[in-house]
Amino acid sequence: MNKTTFLFAVLLILAGSFACHHRAVTSDPRIRAIDSLRQAGFEVTDLHAHLKGGLTMEQLLEHSRKTGIRYGVAINCGPGFPVHNDSSLRAYYNQVKDYPVYHAVQGEGREWTSLVSKETLSLFDYAFTDAMTYTDAGGRRMRLWMPGEVFVDDPQEFMDYLVGKIEEILSSEPIRIYVNPTYLPEVIRDRYDELWTPERMDRVINALVKNRIALEINCANNIPSATFIKRARAAGVKFTLGTNNSGAELGYLEYGVKMIRECGLTPSDFWVPERTVR
């Protein structure tokens with residue numbers, strides 16, 4: 001076999017390999033759905049991913065290449081976490097800063113803002129938090145995803161206090177995204193549509209608009225509801241997509257894709273961070 005024939009054979013093999021790979025990718029309906037959104041002008045970005053469960057940055061980037069999803073990778077920062085002050089947050093930043101992802105901080109508990117400086121936070125592309133950890137009116141510290149640490153004496157009073165806490169968080173903490181929104185503890189979760197009344201939804205939505213904070217469509221807990229999303233969109237709220245993976249599985253943003261279609265969202269309805277100059 002001469003050199004020209006050999007090179008031609010190699011090209012055919014590579015072309016065949018690419019074609020097989022392409023067919024394998026596009027045969028997955030979840031990836032086809034993401035491709036369809038990208039072709040429609042969406043920057044399909046998961047801004048709430050974590051390196052947890054043994055997941056490495058290299059594995060995350062490989063998943064990104066496979067699916068077409070861009071990523072924002074967040075470090076949890078707060079009391080009781082390995083990252084809980086300026087020095088540990090800067091050390092983490094120096095470890096990951098050169099990777100081609102958005103870099104974020106997830107504030108944990110209401111104390112996190114007193115543990116890190118604005119200067120250190122400014123190294124990151126954005127920060128976000130949720131309302132899943134707080135101290136209630138009775139002085140009881142609650143983590144809403146932990147059944148043993150949740151106290152719901154009266155569901156209506158619980159909701160009124162929770163909504164007030166969300167308004168306080170959105171007006172005082174240095175965040176760009178409100179994540180895990182409308183999350184309810186397991187004991188009252190089946191009353192979601194009853195407890196998230198239009199008045200309560202509007203209080204949260206108004207706080208988002210006033211403080212120019214984006215609302216996450218959370219693909220782990222499938223929240224907020226389509227009703228909430230449509231109401232928020234009508235008020236001018238911007239959205240993001242987030243997985244909030246607790247382990248190594250990143251997923252395919254299925255709930256976000258569904259809500260984009262069901263709620264008629266467009267690319268202009270989404271907030272995308274600007275990369276911090278490094």
# chains A, B, ... in the order shown; residues from 1 in each chain; ligands from 1
>>> residues_around(residues="stretch 78-92 of chain A", least_positions_apart="3", cutoff="7 Å", atoms="only C-alpha atoms", output="PDB file with C-alpha atoms, in the first residue's frame")
ATOM      1  CA  GLN A  95      -7.249  25.094  41.848  1.00  0.00           C
ATOM      2  CA  VAL A  96     -10.041  25.511  39.273  1.00  0.00           C
ATOM      3  CA  GLY A 107     -23.688  30.468  49.865  1.00  0.00           C
ATOM      4  CA  GLU A 108     -24.733  28.101  52.652  1.00  0.00           C
ATOM      5  CA  GLY A 109     -26.769  29.267  55.616  1.00  0.00           C
ATOM      6  CA  GLU A 111     -23.947  33.387  57.833  1.00  0.00           C
ATOM      7  CA  TRP A 112     -21.959  32.885  54.642  1.00  0.00           C
ATOM      8  CA  LEU A 115     -17.352  34.686  56.310  1.00  0.00           C
ATOM      9  CA  VAL A 116     -15.986  35.857  52.945  1.00  0.00           C
ATOM     10  CA  SER A 117     -15.114  39.272  51.588  1.00  0.00           C
ATOM     11  CA  THR A 120     -12.745  37.278  47.216  1.00  0.00           C
TER      12      THR A 120
END
>>> residues_around(residues="A:Val209", least_positions_apart="6", cutoff="9 Å", atoms="only C-alpha atoms", output="count of residues only")
5
>>> residues_around(residues="A:His50", least_positions_apart="2", cutoff="9 Å", atoms="only C-alpha atoms", output="list in words")
His48, Lys52, Leu55, Gly72, Val73, Ala74, Ile75, Asn76, Thr243, Asn244, Asn245, Ser246, Gly247, Ala248 and Leu250 of chain A
>>> write_last_selection(atoms="C-alpha atoms", output="mmCIF file, in the first residue's frame")
data_model
loop_
_atom_site.group_PDB
_atom_site.id
_atom_site.type_symbol
_atom_site.label_atom_id
_atom_site.label_comp_id
_atom_site.auth_asym_id
_atom_site.auth_seq_id
_atom_site.Cartn_x
_atom_site.Cartn_y
_atom_site.Cartn_z
ATOM 1 C CA HIS A 48 -25.626 24.821 39.284
ATOM 2 C CA LYS A 52 -19.429 15.732 44.119
ATOM 3 C CA LEU A 55 -16.988 13.666 39.815
ATOM 4 C CA GLY A 72 -21.088 26.591 35.853
ATOM 5 C CA VAL A 73 -19.349 24.763 38.700
ATOM 6 C CA ALA A 74 -20.010 25.920 42.250
ATOM 7 C CA ILE A 75 -18.272 25.386 45.544
ATOM 8 C CA ASN A 76 -20.405 25.294 48.704
ATOM 9 C CA THR A 243 -28.950 20.422 38.179
ATOM 10 C CA ASN A 244 -27.695 20.729 41.774
ATOM 11 C CA ASN A 245 -26.228 17.245 41.498
ATOM 12 C CA SER A 246 -25.647 15.518 44.829
ATOM 13 C CA GLY A 247 -23.455 12.842 43.214
ATOM 14 C CA ALA A 248 -21.493 12.186 40.059
ATOM 15 C CA LEU A 250 -25.052 15.353 35.955
#
>>> residues_around(residues="A:Gly256", least_positions_apart="3", cutoff="10 Å", atoms="only C-alpha atoms", output="list in words")
Val44, Asp46, Glu216, Ile217, Asn218, Cys219, Ala220, Asn222, Ile223, Thr240, Leu241, Gly242, Thr243, Tyr252, Leu253, Met259, Ile260, Arg261 and Glu262 of chain A
>>> write_last_selection(atoms="C-alpha atoms", output="PDB file, in the first residue's frame")
ATOM      1  CA  VAL A  44     -27.943  25.626  27.153  1.00  0.00           C
ATOM      2  CA  ASP A  46     -26.272  24.345  33.717  1.00  0.00           C
ATOM      3  CA  GLU A 216     -33.347  28.871  38.707  1.00  0.00           C
ATOM      4  CA  ILE A 217     -35.385  26.176  37.024  1.00  0.00           C
ATOM      5  CA  ASN A 218     -34.123  23.324  39.169  1.00  0.00           C
ATOM      6  CA  CYS A 219     -33.861  20.006  37.372  1.00  0.00           C
ATOM      7  CA  ALA A 220     -33.209  17.867  40.454  1.00  0.00           C
ATOM      8  CA  ASN A 222     -38.473  19.830  39.281  1.00  0.00           C
ATOM      9  CA  ILE A 223     -39.242  23.264  40.692  1.00  0.00           C
ATOM     10  CA  THR A 240     -31.288  29.875  34.615  1.00  0.00           C
ATOM     11  CA  LEU A 241     -31.097  26.079  34.496  1.00  0.00           C
ATOM     12  CA  GLY A 242     -29.531  24.045  37.283  1.00  0.00           C
ATOM     13  CA  THR A 243     -28.950  20.422  38.179  1.00  0.00           C
ATOM     14  CA  TYR A 252     -29.590  16.172  30.857  1.00  0.00           C
ATOM     15  CA  LEU A 253     -31.664  19.087  32.195  1.00  0.00           C
ATOM     16  CA  MET A 259     -40.411  24.004  31.061  1.00  0.00           C
ATOM     17  CA  ILE A 260     -38.851  25.951  28.192  1.00  0.00           C
ATOM     18  CA  ARG A 261     -41.328  24.322  25.850  1.00  0.00           C
ATOM     19  CA  GLU A 262     -44.345  24.315  28.154  1.00  0.00           C
TER      20      GLU A 262
END
>>> closest_atom_pairs(of="stretch 248-274 of chain A", to="stretch 175-195 of chain A", cutoff="12 Å", atoms="only C-alpha atoms", output="Markdown table")
| residue | atom | partner | partner_atom | distance |
| --- | --- | --- | --- | --- |
| A:Phe270 | CA | A:Ile177 | CA | 11.2 |
| A:Trp271 | CA | A:Ile177 | CA | 8.9 |
| A:Val272 | CA | A:Arg176 | CA | 10.1 |
| A:Pro273 | CA | A:Arg176 | CA | 8.8 |
| A:Glu274 | CA | A:Arg176 | CA | 11.6 |
>>> write_last_selection(atoms="N, CA and C atoms", output="PDB file, in the first residue's frame")
ATOM      1  N   PHE A 270     -33.394  34.184  29.470  1.00  0.00           N
ATOM      2  CA  PHE A 270     -32.379  33.562  30.322  1.00  0.00           C
ATOM      3  C   PHE A 270     -31.234  34.521  30.634  1.00  0.00           C
ATOM      4  N   TRP A 271     -30.748  34.394  31.864  1.00  0.00           N
ATOM      5  CA  TRP A 271     -29.570  35.138  32.290  1.00  0.00           C
ATOM      6  C   TRP A 271     -28.338  34.273  32.099  1.00  0.00           C
ATOM      7  N   VAL A 272     -27.304  34.866  31.524  1.00  0.00           N
ATOM      8  CA  VAL A 272     -26.026  34.170  31.306  1.00  0.00           C
ATOM      9  C   VAL A 272     -24.933  35.049  31.906  1.00  0.00           C
ATOM     10  N   PRO A 273     -24.096  34.493  32.751  1.00  0.00           N
ATOM     11  CA  PRO A 273     -23.029  35.307  33.361  1.00  0.00           C
ATOM     12  C   PRO A 273     -21.950  35.687  32.359  1.00  0.00           C
ATOM     13  N   GLU A 274     -21.250  36.750  32.689  1.00  0.00           N
ATOM     14  CA  GLU A 274     -20.063  37.125  31.931  1.00  0.00           C
ATOM     15  C   GLU A 274     -18.852  36.567  32.657  1.00  0.00           C
TER      16      GLU A 274
END
>>> select_by_dssp(residues="stretch 2-166 of chain A", states="alpha helix (DSSP H)", output="PyMOL selection string")
chain A and resi 3-26+29-39+57-67+86-96+112-115+118-121+155-166
>>> write_last_selection(atoms="C-alpha atoms", output="mmCIF file, in the first residue's frame")
data_model
loop_
_atom_site.group_PDB
_atom_site.id
_atom_site.type_symbol
_atom_site.label_atom_id
_atom_site.label_comp_id
_atom_site.auth_asym_id
_atom_site.auth_seq_id
_atom_site.Cartn_x
_atom_site.Cartn_y
_atom_site.Cartn_z
ATOM 1 C CA LYS A 3 1.475 6.421 1.151
ATOM 2 C CA THR A 4 -1.485 8.070 -0.612
ATOM 3 C CA THR A 5 -3.628 4.958 -0.377
ATOM 4 C CA PHE A 6 -2.721 4.544 3.273
ATOM 5 C CA LEU A 7 -3.684 8.120 4.136
ATOM 6 C CA PHE A 8 -6.946 7.766 2.242
ATOM 7 C CA ALA A 9 -7.743 4.591 4.184
ATOM 8 C CA VAL A 10 -7.035 6.356 7.478
ATOM 9 C CA LEU A 11 -9.364 9.202 6.487
ATOM 10 C CA LEU A 12 -12.120 6.728 5.660
ATOM 11 C CA ILE A 13 -11.714 5.040 9.027
ATOM 12 C CA LEU A 14 -11.826 8.371 10.851
ATOM 13 C CA ALA A 15 -14.863 9.494 8.867
ATOM 14 C CA GLY A 16 -16.649 6.262 9.648
ATOM 15 C CA SER A 17 -15.770 6.561 13.323
ATOM 16 C CA PHE A 18 -17.108 10.114 13.410
ATOM 17 C CA ALA A 19 -20.305 9.102 11.664
ATOM 18 C CA CYS A 20 -20.924 6.258 14.096
ATOM 19 C CA HIS A 21 -20.247 8.560 17.032
ATOM 20 C CA HIS A 22 -22.569 11.196 15.617
ATOM 21 C CA ARG A 23 -25.370 8.665 15.139
ATOM 22 C CA ALA A 24 -24.852 7.406 18.684
ATOM 23 C CA VAL A 25 -25.115 10.900 20.074
ATOM 24 C CA THR A 26 -28.125 12.010 18.090
ATOM 25 C CA PRO A 29 -33.585 11.954 22.570
ATOM 26 C CA ARG A 30 -32.276 13.944 25.533
ATOM 27 C CA ILE A 31 -29.311 15.174 23.525
ATOM 28 C CA ARG A 32 -31.456 15.795 20.463
ATOM 29 C CA ALA A 33 -33.659 18.022 22.625
ATOM 30 C CA ILE A 34 -30.614 19.994 23.770
ATOM 31 C CA ASP A 35 -29.358 20.275 20.182
ATOM 32 C CA SER A 36 -32.766 21.573 19.131
ATOM 33 C CA LEU A 37 -32.628 24.323 21.751
ATOM 34 C CA ARG A 38 -29.095 25.302 20.752
ATOM 35 C CA GLN A 39 -30.171 25.551 17.114
ATOM 36 C CA MET A 57 -13.662 18.483 36.332
ATOM 37 C CA GLU A 58 -12.369 16.384 33.446
ATOM 38 C CA GLN A 59 -15.417 14.106 33.628
ATOM 39 C CA LEU A 60 -17.712 17.132 33.745
ATOM 40 C CA LEU A 61 -16.055 18.576 30.641
ATOM 41 C CA GLU A 62 -16.424 15.246 28.847
ATOM 42 C CA HIS A 63 -20.144 15.234 29.697
ATOM 43 C CA SER A 64 -20.311 18.771 28.358
ATOM 44 C CA ARG A 65 -18.747 17.693 25.046
ATOM 45 C CA LYS A 66 -21.139 14.741 24.831
ATOM 46 C CA THR A 67 -24.324 16.657 25.570
ATOM 47 C CA ASP A 86 -11.398 33.867 52.364
ATOM 48 C CA SER A 87 -8.304 31.693 52.495
ATOM 49 C CA SER A 88 -10.100 28.414 51.742
ATOM 50 C CA LEU A 89 -12.237 30.035 49.044
ATOM 51 C CA ARG A 90 -9.186 31.538 47.349
ATOM 52 C CA ALA A 91 -7.362 28.214 47.564
ATOM 53 C CA TYR A 92 -10.273 26.518 45.805
ATOM 54 C CA TYR A 93 -10.386 29.244 43.163
ATOM 55 C CA ASN A 94 -6.689 28.817 42.375
ATOM 56 C CA GLN A 95 -7.249 25.094 41.848
ATOM 57 C CA VAL A 96 -10.041 25.511 39.273
ATOM 58 C CA TRP A 112 -21.959 32.885 54.642
ATOM 59 C CA THR A 113 -21.834 36.563 53.710
ATOM 60 C CA SER A 114 -19.973 37.379 56.937
ATOM 61 C CA LEU A 115 -17.352 34.686 56.310
ATOM 62 C CA LYS A 118 -16.563 40.966 48.524
ATOM 63 C CA GLU A 119 -13.036 41.064 47.112
ATOM 64 C CA THR A 120 -12.745 37.278 47.216
ATOM 65 C CA LEU A 121 -16.263 36.788 45.850
ATOM 66 C CA PRO A 155 -48.279 25.066 57.398
ATOM 67 C CA GLN A 156 -49.707 28.520 56.669
ATOM 68 C CA GLU A 157 -47.553 30.206 59.298
ATOM 69 C CA PHE A 158 -44.557 28.219 58.062
ATOM 70 C CA MET A 159 -45.132 29.462 54.513
ATOM 71 C CA ASP A 160 -45.562 33.095 55.544
ATOM 72 C CA TYR A 161 -42.305 32.985 57.480
ATOM 73 C CA LEU A 162 -40.503 31.193 54.631
ATOM 74 C CA VAL A 163 -41.641 33.754 52.057
ATOM 75 C CA GLY A 164 -40.533 36.579 54.336
ATOM 76 C CA LYS A 165 -37.152 34.897 54.717
ATOM 77 C CA ILE A 166 -36.830 34.563 50.924
#
>>> atom_distance(atom1="atom CA of A:Ile69", atom2="atom CA of A:Asn221")
19.0 Å
>>> select_by_dssp(residues="stretch 190-278 of chain A", states="strand (DSSP E)", output="MDAnalysis selection string")
chainID A and resid 214:218 239:242
>>> closest_residue(among="A:Asp136, A:Glu173, A:Glu167, A:Asp98", to="A:Ala207", atoms="only C-alpha atoms")
A:Glu167
>>> closest_residue(among="A:Pro147, A:Pro174, A:Gly41, A:Gly139", to="A:Tyr126", atoms="only C-alpha atoms")
A:Pro174
>>> residues_around(residues="A:Pro198", least_positions_apart="5", cutoff="10 Å", atoms="only C-alpha atoms", output="list in words")
Asp193, Arg203, Thr227, Phe228 and Arg231 of chain A
>>> atom_distance(atom1="atom CA of A:Tyr134", atom2="atom CA of A:Gly54")
28.6 Å
>>> atom_distance(atom1="atom CA of A:Ile169", atom2="atom CA of A:Asp125")
19.6 Å
>>> closest_residue(among="A:Arg141, A:His103, A:Arg70, A:Arg110", to="A:Arg275", atoms="only C-alpha atoms")
A:His103
